[in-house]
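S.K.: One structure coming up, written as structure tokens, with questions to follow.
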Amino acid sequence: MVTDRSQIWSQTVIDDIHSKSEVGRYRIRGFNTFQKVTHFDDLTFLSTGLTRFPLEGYKESCNTRTIIGDRSAEKPLILDTPVYITGMSYGALSANAKIALGKAATLTGTASCTGDGGMLPAERNASKKLIYQVLPSRYGFNPHHIAQAQAVEIVVGQGAKPGTGGLLMGVKVLDEIAEMRDLPKGIDQRSPARHPDWLGPDDLAVKIEQLREVTDYQIPIHVKLGACRVKDDVKLAAKAGADAIVVDSMMAGTGASAEVLLDHSGIPTVPAIVMAREALRELGLYGQVSLIASGGIRSGADAAKALALGADAVAIGISALIALNCNRDIPGSNFLEEVGVPAGECHHCHTGRCPVGITTQDPDLMKRLDPDEGAERVANFINSMTMEMALLTRSLGKGDVHSLEPEDLAALTIEASAMAGVPLVGTNRVF
Amino acid sequence: MVTLDASNFTTRELNRRVREAIRDDPDQHITIINPRARHNLAVAINNHSRVVIKGSVGYFAASQMDGPEVEIEGNAGWALAENMMDGKVVVSGDAGASVAATIRGGEVYVGGNAGARAGISMKGGQLIVRGNTGFMTGFMMQKGRIIVCGDVGDAAGDSMYEGEIYVSGEVGSLGSDAKIELVTEDELAAVWSALELHGINERRSFKKIVSEKKLYHYDTLERFEKAVI
């Protein structure tokens, strides 16, 4: 039946054109893509029956210990769970949020990561295992800080806006942030997309050697890619010497991005993992180079499916922020008044007016986030994810989350079958 | 005084020996011979030692260091002195692309010409080039001072935030959001004085490239943004 309104010129499209016709530029927002794409909900685990036997789901031990980057580093990153907290800058996030995430990582025996803006000393103190990012902007980059890190992550791209640098609106580039980044106060910071000192994969190999010299060959060097031409990019990163490769999908979050990039670039997490796994396998490096997936990881089920497809670990961003109270009506907040939308619909991180004190530099708003309480909530969430992963793993008859494999999965849709390379339910066929 | 023959060591072993030598004596003088344009020499040195490299070096020489003086008697590859915090790097010959990339302090002096993106994303410090520099000199420069005694290529000062690029010769073209400003007498005296320290005593004229600051902000906000920001 024909509906009573246009399918092409929906209210959303009309609003979009009205907005652009007023401001004369691309639109900017935070959060993640609003595209509906194939995701982990389109996959299901094939738990045990008569062909194999489960472990006791609630009690038997299940290993979640995760080692990242033991290809060549003297001290690989050893985590108690395959879930860690991804890079989010001090600037995009408040100091209280960064401290809370660092503390949560320490409470759960996992790692947190710096972001585009340098290392906040309080985050270093809070997080026992800190991954130090090397980004194109090099804002706040300091060789003395990298020497304190437990891993280094060279950021080639991020999934939310691959091929583009960071974005931080002037409302957040305040005194300390501007000083740390060596930027004029209050500017709308648009970070570079290309690294200043190297360009192609041959250069990257030399850059990796340089960072090994700086860190005395002790800690792993990760390379983070925005998931696009995953197979080629992963091969080039692995050949350049990366100990670990992060594939960050189009579903990944951001504090600010041009909306057109959020919604119209990159590929989803499921095919990104599969393509990365196959790339490493073709090089004979699968199992040697650690594979980390990120982008839209919401639960232990998502994480377990990521591991089954071939990841060694997952990195979480938005889900950790939600655990911190993102989009929650907390006492003292007034979402409608402060960001113009109700809790649950906010994606206005770029405005710096976060009603729950996470993506803001306003001292009064920041007070709404207590770092210790926030750390406890994030730690609880990570522990829940780890327990969910273990529960699913035992239900599959396995005692180690790293034993999960594609054969444990089936697809609920033809698209998911094609992307994940696992059979469609009710068939033996991979589409 | 320590002399290390690079041909006897891997890069890792050579740098380890450099670091060991300066750990025992922070004022140590080290000479490296036969570098053969190898990459990543004299990386991450963090005290006030002096290192002389007799020959050309590859990428990232004297990078990510804080304090020492490094002299290279030859040419240098890409990213010489990258992200130096403090110290001094002198190369007698030419430097490749991205010389002094992201330095936050100290001084880099190039006796010959420098390649593209000289002084890219500098966050402080000073870069002096006796000859010419390539395209995008001072690209996205944030702070600090670049002095080029010769010509600069196209797109000079593209997207720079702050800092100054002084050019004695021709400017190929200006990059986005860059403009040429008159040099004040005090600024010219400061440039001459910086050059004199490298034996350049000629009182030549300079033009100054700075940010036009038109790209500092987006011009407009959406209606809801205006309401909440």
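Residue numbering restarts at 1 in every chain; chains get A, B, ... in the order shown in the structure tokens, and ligands count up from 1 in that same order.
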Restrict the calculation to only C-alpha atoms, then for each residue of chain A with any atom at most 6 Å from an atom of chain B give the closest atom pair and their distance in Å to one decimal, rows by chain and rising residue number, as a Markdown table.
M.R.:
```
| residue | atom | partner | partner_atom | distance |
| --- | --- | --- | --- | --- |
| A:Val23 | CA | B:Thr220 | CA | 5.5 |
| A:Pro143 | CA | B:Gln64 | CA | 5.9 |
| A:Ile187 | CA | B:Tyr216 | CA | 5.2 |
| A:Asp188 | CA | B:His217 | CA | 5.0 |
| A:Asp197 | CA | B:Ala79 | CA | 5.3 |
| A:Gln210 | CA | B:Asn40 | CA | 5.7 |
| A:Val214 | CA | B:Ala44 | CA | 5.4 |
| A:Val339 | CA | B:Val228 | CA | 5.8 |
```
S.K.: Please give the complete set of residues from stretch 41-193 of chain B that DSSP, run on the backbone, assigns to strand (DSSP E), formatted as a VMD selection string.
M.R.: chain B and resid 50 to 54 66 to 72 86 to 91 107 to 110 123 to 129 143 to 148 164 to 167 178 to 181
S.K.: With only C-alpha atoms as the counted atoms, please give the residues lying no more than 12 Å from B:Ile180, apart from itself and same-chain residues fewer than 4 positions off, as a list of chain:residue names.
M.R.: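 Listed by chain and then number, they are B:Ala156, B:Gly157, B:Glu164, B:Ile165, B:Tyr166, B:Val167, B:Glu170, B:Val171, B:Ser173, B:Leu174, B:Gly175, B:Phe206, B:Lys207, B:Lys208, B:Ile209, B:Val210, B:Ser211, B:Glu212.
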S.K.: My list of candidates is B:Ser56, B:Gln126, B:Ser193, B:Asn75. Which is closest to B:Gly163 when distances are computed with only C-alpha atoms?
M.R.: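 Counting only C-alpha atoms, the residue closest to B:Gly163 is B:Gln126.
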S.K.: Just the helix (DSSP H, G or I) stuff from stretch 65-218 of chain A, please, per backbone DSSP, written as a PyMOL selection string.
M.R.: chain A and resi 95-107+121-126+143-146+170-172+175-181+201-214
S.K.: Excluding same-chain residues fewer than 4 positions from A:His195, what lies within 8 Å of it counting only C-alpha atoms, as a list in words?
M.R.: Leu135, Pro136, Ser137, Val156 and Leu199 of chain A
S.K.: Determine, counting only C-alpha atoms, which protein, DNA and RNA residues have an atom within 12 Å of an atom of B:Ala190; residues of the same chain fewer than 4 positions away are not included. Present the result as an mmCIF file with C-alpha atoms, in the first residue's frame.
M.R.:
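Contents of the output file around.cif:
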```
data_model
loop_
_atom_site.group_PDB
_atom_site.id
_atom_site.type_symbol
_atom_site.label_atom_id
_atom_site.label_comp_id
_atom_site.auth_asym_id
_atom_site.auth_seq_id
_atom_site.Cartn_x
_atom_site.Cartn_y
_atom_site.Cartn_z
ATOM 1 C CA ARG B 145 59.602 30.146 14.296
ATOM 2 C CA ILE B 147 63.556 31.011 9.116
ATOM 3 C CA TYR B 166 60.379 34.203 7.793
ATOM 4 C CA VAL B 183 58.382 42.328 9.511
ATOM 5 C CA THR B 184 58.994 44.754 12.339
ATOM 6 C CA GLU B 185 62.473 46.048 13.111
ATOM 7 C CA ASP B 186 62.592 44.068 16.348
ATOM 8 C CA ALA B 194 69.480 33.844 15.266
ATOM 9 C CA LEU B 195 71.299 33.537 11.944
ATOM 10 C CA GLU B 196 74.522 35.035 13.284
ATOM 11 C CA LEU B 197 74.813 32.128 15.683
ATOM 12 C CA ARG B 203 71.802 41.494 6.727
ATOM 13 C CA PHE B 206 62.713 38.920 5.121
#
```
S.K.: Residues at most 7 Å from A:Thr254, counting only C-alpha atoms, excluding those fewer than 6 positions away in the same chain, as a PyMOL selection string?
M.R.: chain A and resi 30-32+160
S.K.: Selected residues, C-alpha atoms, written as a PDB file, in the first residue's frame, please.
M.R.:
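Done, and the output landed in result_36.pdb:
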```pdb
ATOM      1  CA  GLY A  30      28.742  13.075  18.168  1.00  0.00           C
ATOM      2  CA  PHE A  31      27.815   9.487  19.124  1.00  0.00           C
ATOM      3  CA  ASN A  32      27.936   7.125  16.130  1.00  0.00           C
ATOM      4  CA  ALA A 160      33.629   6.951  12.932  1.00  0.00           C
TER       5      ALA A 160
END
```
S.K.: What's the separation between atom CA of A:Ala315 and atom CA of A:Gly157, in Å to one decimal place?
M.R.: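 About the pair atom CA of A:Ala315 and atom CA of A:Gly157: they are 14.9 Å apart.
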S.K.: Could you tell me how far atom CA of B:Pro68 sits from atom CA of B:Ile53, in Å to one decimal place?
M.R.: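 Atom CA of B:Ile53 sits 13.1 Å away from atom CA of B:Pro68.
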S.K.: Leaving out stretch 261-271 of chain A and any residue of its chain fewer than 5 positions from it, which residues lie within 6 Å of it when counting only C-alpha atoms, given as a list of chain:residue names?
M.R.: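 Everything that qualifies: A:Thr33, A:Gln35, A:Ala160, A:Lys161, A:Ala227, A:Cys228, A:Ser249, A:Met250, A:Met419, A:Ala420.
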S.K.: Please, what distance in Å, to one decimal, runs between atom CA of A:Asp80 and atom CA of A:Thr108?
M.R.: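 For atom CA of A:Asp80 relative to atom CA of A:Thr108, the distance reads 7.0 Å.
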